[in-house]
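Quick notes on the structure that follows.
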Amino acid sequence: VIEVGTNSIILTCDKSGKIHAFYNVCRHRGAKVCSTDQTGCKQLVCPYHWWAYRLDGSLKSTPPAATPQERKSELGLQRVPGLDTFAGVVFLNQSENPTPLKEYLGDLTDKLQRYDLDNLEFSGKKEYKIGGDWKLIAENFVDFYHINAVHPELSRFSRVDDHQPFQGKGQYVGFVTNPLTNSGGPGDLHNFN
């Protein structure tokens with residue numbers, strides 16, 4: 001379950017491995033179907049009247065009353081209109097007729113194709129409480145001018161002039177470091193294909 005603005009959204013993965021995204025609203029009386037994250041579910045059950053949904057969002061049962069099959073096909077969970085994945089990340093778009101993600105990404109998928117991004121494995125989560133504007137943190141990451149003053153040891157092998165902004169064909173901005181300099185860490189050249 002994720003909260004996006006004022007909407008609660010359920011993400012599921014069915015038996016075939018397909019990812020689905022639904023609004024977290026039971027089609028019977030509008031109750032939240034899920035209140036917490038959970039793994040290993042076989043179905044989604046609304047706590048109010050026990051309407052049960054399959055992981056693909058289709059309505060499974062409506063106890064204690066029987067619902068005709070033709071009505072069941074109309075009463076599945078409402079899908080989030082746009083769902084796509086890239087590099088193991090799920091992207092949602094709640095617009096009525098969403099533009100495909102690939103159009104937003106432009107040439108980024110081609111530029112990153114040599115990295116096996118779809119087979120990345122989650123290794124952990126770390127949360128940071130920022131007592132300020134998050135944009136300052138992001139800007140600090142892409143502002144290479146402070147390297148010499150704040151990180152003098154880093155500046156020996158990662159010079160300010162080695163880092164250049166890159167804008168490809170799509171709605172993204174990247175940074176290119178060239179040349180890459182081995183430093184005995186995970187960013188060394190032999191760790192990349």
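Numbering starts fresh at 1 for the residues of each chain in the structure tokens, the chains themselves are lettered A, B, ... in the order given, and ligands are numbered from 1 as they appear.
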
(Q) Give me, as an NGL selection string, the residues of range 38-134 of chain A that a backbone DSSP run labels alpha helix (DSSP H). (A) :A and (69-72 or 101-105 or 108-111 or 134)

Q.
What's the separation between CA of Gly76 in chain A and CA of Ser58 in chain A, in Å to one decimal place?
A. 4.3 Å

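In this model, the gap between CA of Pro81 in chain A and CA of Ile9 in chain A comes to 11.7 Å.
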
Q: Considering only C-alpha atoms, return as number ranges by chain whatever protein or nucleic-acid residues lie within 12 Å of range 186-191 of chain A, sequence-local ones (same chain, fewer than 6 positions apart) excluded.
A: A: 115, 157-158, 177-180

With N, CA, C and O atoms retained, write the just-selected residues as an mmCIF file, in the first residue's frame.
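Final output, saved to out_6.cif:
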```
data_model
loop_
_atom_site.group_PDB
_atom_site.id
_atom_site.type_symbol
_atom_site.label_atom_id
_atom_site.label_comp_id
_atom_site.auth_asym_id
_atom_site.auth_seq_id
_atom_site.Cartn_x
_atom_site.Cartn_y
_atom_site.Cartn_z
ATOM 1 N N TYR A 115 23.623 -1.835 -18.630
ATOM 2 C CA TYR A 115 23.562 -2.201 -17.216
ATOM 3 C C TYR A 115 22.326 -3.067 -17.009
ATOM 4 O O TYR A 115 21.249 -2.736 -17.471
ATOM 5 N N PHE A 157 41.182 12.565 -7.133
ATOM 6 C CA PHE A 157 40.881 11.699 -8.273
ATOM 7 C C PHE A 157 39.528 12.000 -8.914
ATOM 8 O O PHE A 157 39.149 11.366 -9.885
ATOM 9 N N SER A 158 38.790 12.968 -8.403
ATOM 10 C CA SER A 158 37.510 13.345 -8.983
ATOM 11 C C SER A 158 37.462 14.867 -9.062
ATOM 12 O O SER A 158 36.946 15.539 -8.188
ATOM 13 N N THR A 177 30.569 11.590 -15.618
ATOM 14 C CA THR A 177 31.907 11.766 -15.068
ATOM 15 C C THR A 177 32.890 11.135 -16.042
ATOM 16 O O THR A 177 32.789 9.958 -16.361
ATOM 17 N N ASN A 178 33.814 11.958 -16.530
ATOM 18 C CA ASN A 178 34.763 11.469 -17.511
ATOM 19 C C ASN A 178 36.077 12.244 -17.365
ATOM 20 O O ASN A 178 36.054 13.462 -17.392
ATOM 21 N N PRO A 179 37.162 11.567 -17.149
ATOM 22 C CA PRO A 179 37.301 10.115 -17.098
ATOM 23 C C PRO A 179 36.936 9.578 -15.713
ATOM 24 O O PRO A 179 36.992 10.294 -14.728
ATOM 25 N N LEU A 180 36.552 8.300 -15.678
ATOM 26 C CA LEU A 180 36.364 7.632 -14.395
ATOM 27 C C LEU A 180 37.742 7.237 -13.871
ATOM 28 O O LEU A 180 38.581 6.748 -14.619
#
```

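The shell of residues at most 12 Å from Val1 in chain A, with only C-alpha atoms counted and near chain neighbours (fewer than 2 positions) removed, consists of Glu3, Val4, Asn7, Ser8, Ile9, Ile10, Leu11, Thr12, His20, Ala21, Phe22, Tyr23, Asn24, Val25, Lys32, Val33, Cys34, Ser35, Thr36, Asp37, Gln38, Thr39 and Leu44 of chain A.
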
Q. Counting only C-alpha atoms, what is within 8 Å of Leu101 in chain A, bar same-chain residues fewer than 4 positions away, as a ChimeraX atom specification?
A. /A:84,91,105

(Q) I want to know what sits within 10 Å of Leu108 in chain A, based on only C-alpha atoms, with residues of the same chain fewer than 3 positions away left out; could you give that as a list of chain:residue names? (A) A:Lys102, A:Glu103, A:Tyr104, A:Leu105, A:Lys111, A:Leu112, A:Gln113, A:Gln167, A:Gly168, A:Lys169, A:Gly170, A:Gln171, A:Tyr172, A:Val173, A:Gly174

Could you please take those selected residues and save all heavy atoms as a compact mmCIF listing (two decimals), in the first residue's frame?
```
# COMPACT_ATOMS: atom_id res chain seq x y z
N LYS A 102 7.93 5.24 -21.63
CA LYS A 102 9.04 5.24 -22.59
C LYS A 102 9.16 6.58 -23.32
O LYS A 102 10.25 7.04 -23.61
CB LYS A 102 8.89 4.09 -23.58
CG LYS A 102 10.03 3.99 -24.57
CD LYS A 102 10.49 2.57 -24.73
CE LYS A 102 11.55 2.40 -25.76
NZ LYS A 102 12.84 2.92 -25.42
N GLU A 103 8.02 7.23 -23.58
CA GLU A 103 8.07 8.53 -24.24
C GLU A 103 8.69 9.59 -23.33
O GLU A 103 9.40 10.47 -23.79
CB GLU A 103 6.67 8.96 -24.67
CG GLU A 103 6.15 8.18 -25.86
CD GLU A 103 4.82 8.68 -26.36
OE1 GLU A 103 4.57 9.90 -26.30
OE2 GLU A 103 4.01 7.83 -26.80
N TYR A 104 8.42 9.52 -22.03
CA TYR A 104 9.04 10.45 -21.09
C TYR A 104 10.54 10.21 -20.99
O TYR A 104 11.34 11.13 -20.89
CB TYR A 104 8.43 10.32 -19.70
CG TYR A 104 7.09 10.98 -19.55
CD1 TYR A 104 5.94 10.23 -19.37
CD2 TYR A 104 6.96 12.37 -19.56
CE1 TYR A 104 4.71 10.82 -19.22
CE2 TYR A 104 5.74 12.98 -19.43
CZ TYR A 104 4.60 12.20 -19.25
OH TYR A 104 3.39 12.80 -19.10
N LEU A 105 10.91 8.93 -20.96
CA LEU A 105 12.31 8.58 -20.77
C LEU A 105 13.16 8.82 -22.01
O LEU A 105 14.39 8.96 -21.91
CB LEU A 105 12.44 7.12 -20.33
CG LEU A 105 11.80 6.78 -18.99
CD1 LEU A 105 11.94 5.29 -18.71
CD2 LEU A 105 12.40 7.60 -17.87
N LYS A 111 20.51 4.36 -23.39
CA LYS A 111 21.79 4.75 -22.78
C LYS A 111 22.16 3.83 -21.61
O LYS A 111 23.33 3.61 -21.33
CB LYS A 111 21.74 6.19 -22.31
CG LYS A 111 21.58 7.16 -23.46
CD LYS A 111 22.33 8.42 -23.19
CE LYS A 111 22.28 9.35 -24.38
NZ LYS A 111 22.97 8.89 -25.55
N LEU A 112 21.15 3.31 -20.91
CA LEU A 112 21.41 2.47 -19.74
C LEU A 112 21.26 0.98 -20.01
O LEU A 112 21.36 0.17 -19.11
CB LEU A 112 20.47 2.88 -18.59
CG LEU A 112 20.63 4.32 -18.10
CD1 LEU A 112 19.61 4.62 -17.01
CD2 LEU A 112 22.04 4.58 -17.59
N GLN A 113 21.05 0.62 -21.27
CA GLN A 113 20.79 -0.77 -21.63
C GLN A 113 21.92 -1.72 -21.23
O GLN A 113 21.70 -2.87 -20.87
CB GLN A 113 20.53 -0.87 -23.13
CG GLN A 113 20.04 -2.23 -23.57
CD GLN A 113 19.62 -2.21 -25.02
OE1 GLN A 113 20.12 -1.41 -25.81
NE2 GLN A 113 18.74 -3.10 -25.38
N GLN A 167 21.94 16.25 -20.86
CA GLN A 167 20.52 16.24 -21.17
C GLN A 167 20.32 15.47 -22.46
O GLN A 167 20.76 15.90 -23.52
CB GLN A 167 19.99 17.66 -21.33
CG GLN A 167 18.55 17.73 -21.81
CD GLN A 167 17.56 17.17 -20.80
OE1 GLN A 167 17.49 17.65 -19.68
NE2 GLN A 167 16.82 16.15 -21.17
N GLY A 168 19.67 14.31 -22.34
CA GLY A 168 19.40 13.52 -23.54
C GLY A 168 18.05 13.86 -24.12
O GLY A 168 17.46 14.90 -23.81
N LYS A 169 17.54 12.99 -24.98
CA LYS A 169 16.22 13.18 -25.59
C LYS A 169 15.19 12.50 -24.71
O LYS A 169 14.95 11.32 -24.80
CB LYS A 169 16.20 12.60 -26.99
CG LYS A 169 17.11 13.33 -27.94
CD LYS A 169 17.10 12.71 -29.31
CE LYS A 169 18.09 13.46 -30.20
NZ LYS A 169 18.39 12.76 -31.42
N GLY A 170 14.59 13.27 -23.82
CA GLY A 170 13.60 12.76 -22.89
C GLY A 170 13.54 13.69 -21.70
O GLY A 170 14.28 14.69 -21.63
N GLN A 171 12.66 13.38 -20.76
CA GLN A 171 12.50 14.25 -19.60
C GLN A 171 13.35 13.74 -18.44
O GLN A 171 12.84 13.22 -17.45
CB GLN A 171 11.02 14.33 -19.22
CG GLN A 171 10.22 15.03 -20.29
CD GLN A 171 8.81 15.33 -19.85
OE1 GLN A 171 8.52 15.40 -18.68
NE2 GLN A 171 7.93 15.52 -20.81
N TYR A 172 14.63 13.85 -18.59
CA TYR A 172 15.58 13.48 -17.55
C TYR A 172 16.83 14.33 -17.71
O TYR A 172 17.10 14.89 -18.76
CB TYR A 172 15.94 11.99 -17.62
CG TYR A 172 16.79 11.62 -18.82
CD1 TYR A 172 18.17 11.60 -18.71
CD2 TYR A 172 16.23 11.29 -20.03
CE1 TYR A 172 18.98 11.27 -19.79
CE2 TYR A 172 17.01 10.96 -21.12
CZ TYR A 172 18.38 10.96 -21.00
OH TYR A 172 19.18 10.64 -22.07
N VAL A 173 17.57 14.43 -16.65
CA VAL A 173 18.87 15.10 -16.67
C VAL A 173 19.84 14.16 -15.98
O VAL A 173 19.53 13.55 -14.97
CB VAL A 173 18.84 16.44 -15.92
CG1 VAL A 173 20.24 17.03 -15.80
CG2 VAL A 173 17.92 17.42 -16.61
N GLY A 174 21.00 14.01 -16.54
CA GLY A 174 22.02 13.16 -15.94
C GLY A 174 23.32 13.90 -15.79
O GLY A 174 23.46 15.05 -16.22
```

Q. Could you pull out all residues of chain A with a DSSP call of strand (DSSP E or B) and give them as a PyMOL selection string?
A. chain A and resi 2-4+7-13+19-23+44-45+52-53+59-61+79+82-86+89-93+163-166+174-177

Got time to write the residues from that selection, N, CA and C atoms, as a compact mmCIF listing (two decimals), in the first residue's frame?
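Wrote it out as part36.txt, contents follow:
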```txt
# COMPACT_ATOMS: atom_id res chain seq x y z
N ILE A 2 0.61 2.13 -0.93
CA ILE A 2 1.34 3.39 -0.96
C ILE A 2 0.33 4.54 -0.99
N GLU A 3 0.73 5.65 -0.44
CA GLU A 3 -0.10 6.84 -0.46
C GLU A 3 0.50 7.82 -1.46
N VAL A 4 -0.28 8.23 -2.45
CA VAL A 4 0.17 9.18 -3.46
C VAL A 4 -0.80 10.36 -3.40
N ASN A 7 -4.58 9.85 -2.60
CA ASN A 7 -5.02 8.52 -3.02
C ASN A 7 -4.19 7.42 -2.38
N SER A 8 -4.88 6.39 -1.94
CA SER A 8 -4.23 5.18 -1.44
C SER A 8 -4.24 4.16 -2.57
N ILE A 9 -3.09 3.56 -2.83
CA ILE A 9 -2.94 2.65 -3.97
C ILE A 9 -2.37 1.32 -3.50
N ILE A 10 -2.92 0.25 -4.04
CA ILE A 10 -2.45 -1.11 -3.75
C ILE A 10 -1.60 -1.58 -4.92
N LEU A 11 -0.41 -2.07 -4.65
CA LEU A 11 0.42 -2.71 -5.66
C LEU A 11 0.43 -4.20 -5.39
N THR A 12 0.18 -4.99 -6.41
CA THR A 12 0.22 -6.45 -6.26
C THR A 12 1.07 -7.06 -7.37
N CYS A 13 1.47 -8.29 -7.14
CA CYS A 13 2.18 -9.07 -8.14
C CYS A 13 1.47 -10.42 -8.21
N ILE A 19 2.82 -7.08 -12.43
CA ILE A 19 2.54 -6.08 -11.40
C ILE A 19 1.25 -5.36 -11.76
N HIS A 20 0.44 -5.10 -10.72
CA HIS A 20 -0.83 -4.40 -10.89
C HIS A 20 -0.88 -3.25 -9.88
N ALA A 21 -1.64 -2.21 -10.22
CA ALA A 21 -1.86 -1.08 -9.30
C ALA A 21 -3.34 -0.73 -9.31
N PHE A 22 -3.93 -0.67 -8.11
CA PHE A 22 -5.35 -0.38 -7.97
C PHE A 22 -5.56 0.68 -6.91
N TYR A 23 -6.65 1.42 -7.05
CA TYR A 23 -7.03 2.34 -5.99
C TYR A 23 -7.55 1.50 -4.83
N LEU A 44 -7.06 -10.25 -1.79
CA LEU A 44 -7.28 -9.03 -1.04
C LEU A 44 -8.71 -9.06 -0.53
N VAL A 45 -8.90 -8.87 0.77
CA VAL A 45 -10.24 -8.97 1.36
C VAL A 45 -10.58 -7.67 2.08
N ALA A 52 -13.89 -10.13 -1.63
CA ALA A 52 -12.54 -10.62 -1.89
C ALA A 52 -12.17 -10.39 -3.36
N TYR A 53 -10.94 -9.95 -3.55
CA TYR A 53 -10.43 -9.67 -4.88
C TYR A 53 -9.19 -10.51 -5.13
N LEU A 59 -12.91 -9.30 -9.08
CA LEU A 59 -13.73 -9.67 -7.92
C LEU A 59 -13.85 -11.18 -7.84
N LYS A 60 -13.53 -11.73 -6.67
CA LYS A 60 -13.54 -13.18 -6.48
C LYS A 60 -14.83 -13.63 -5.82
N SER A 61 -15.22 -12.97 -4.72
CA SER A 61 -16.44 -13.38 -4.01
C SER A 61 -17.03 -12.21 -3.24
N ARG A 79 -8.36 0.19 -11.60
CA ARG A 79 -6.93 0.24 -11.91
C ARG A 79 -6.42 1.68 -11.96
N GLY A 82 -2.07 4.43 -15.47
CA GLY A 82 -0.74 4.21 -16.02
C GLY A 82 0.16 3.49 -15.05
N LEU A 83 0.68 2.35 -15.48
CA LEU A 83 1.63 1.58 -14.67
C LEU A 83 2.70 1.07 -15.61
N ASP A 84 3.94 1.33 -15.25
CA ASP A 84 5.05 0.82 -16.06
C ASP A 84 6.25 0.62 -15.14
N THR A 85 7.22 -0.10 -15.61
CA THR A 85 8.44 -0.30 -14.82
C THR A 85 9.65 0.05 -15.68
N PHE A 86 10.67 0.51 -15.01
CA PHE A 86 11.96 0.76 -15.65
C PHE A 86 13.02 0.62 -14.59
N VAL A 89 12.02 -0.19 -11.05
CA VAL A 89 11.23 0.80 -10.33
C VAL A 89 9.84 0.85 -10.96
N VAL A 90 8.81 0.89 -10.12
CA VAL A 90 7.44 0.98 -10.59
C VAL A 90 7.07 2.45 -10.71
N PHE A 91 6.54 2.83 -11.88
CA PHE A 91 6.08 4.19 -12.13
C PHE A 91 4.57 4.18 -12.30
N LEU A 92 3.89 5.08 -11.61
CA LEU A 92 2.43 5.19 -11.71
C LEU A 92 2.08 6.55 -12.29
N ASN A 93 1.05 6.57 -13.13
CA ASN A 93 0.55 7.81 -13.69
C ASN A 93 -0.97 7.77 -13.55
N HIS A 163 33.16 16.36 -14.18
CA HIS A 163 31.72 16.14 -14.03
C HIS A 163 30.95 17.12 -14.90
N GLN A 164 30.15 16.59 -15.83
CA GLN A 164 29.40 17.43 -16.76
C GLN A 164 27.93 17.05 -16.76
N PRO A 165 27.03 18.05 -16.78
CA PRO A 165 25.60 17.73 -16.91
C PRO A 165 25.32 17.16 -18.29
N PHE A 166 24.33 16.30 -18.36
CA PHE A 166 23.96 15.69 -19.64
C PHE A 166 22.45 15.71 -19.77
N GLY A 174 21.00 14.01 -16.54
CA GLY A 174 22.02 13.16 -15.94
C GLY A 174 23.32 13.90 -15.79
N PHE A 175 24.27 13.25 -15.17
CA PHE A 175 25.61 13.79 -15.03
C PHE A 175 26.60 12.74 -15.47
N VAL A 176 27.57 13.18 -16.23
CA VAL A 176 28.58 12.28 -16.77
C VAL A 176 29.91 12.62 -16.11
N THR A 177 30.57 11.59 -15.62
CA THR A 177 31.91 11.77 -15.07
C THR A 177 32.89 11.14 -16.04
```

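With only C-alpha atoms taken into account, the protein and nucleic acid residues at most 8 Å from range 138-151 of chain A (excluding it and anything under 3 positions from it in its own chain) are Trp134, Lys135, Leu154, Ser155, Arg159, Val160, His163 and Phe175 of chain A.
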
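Our summary of the geometry notes that CA of Lys72 in chain A is positioned 26.5 Å from CA of Pro98 in chain A.
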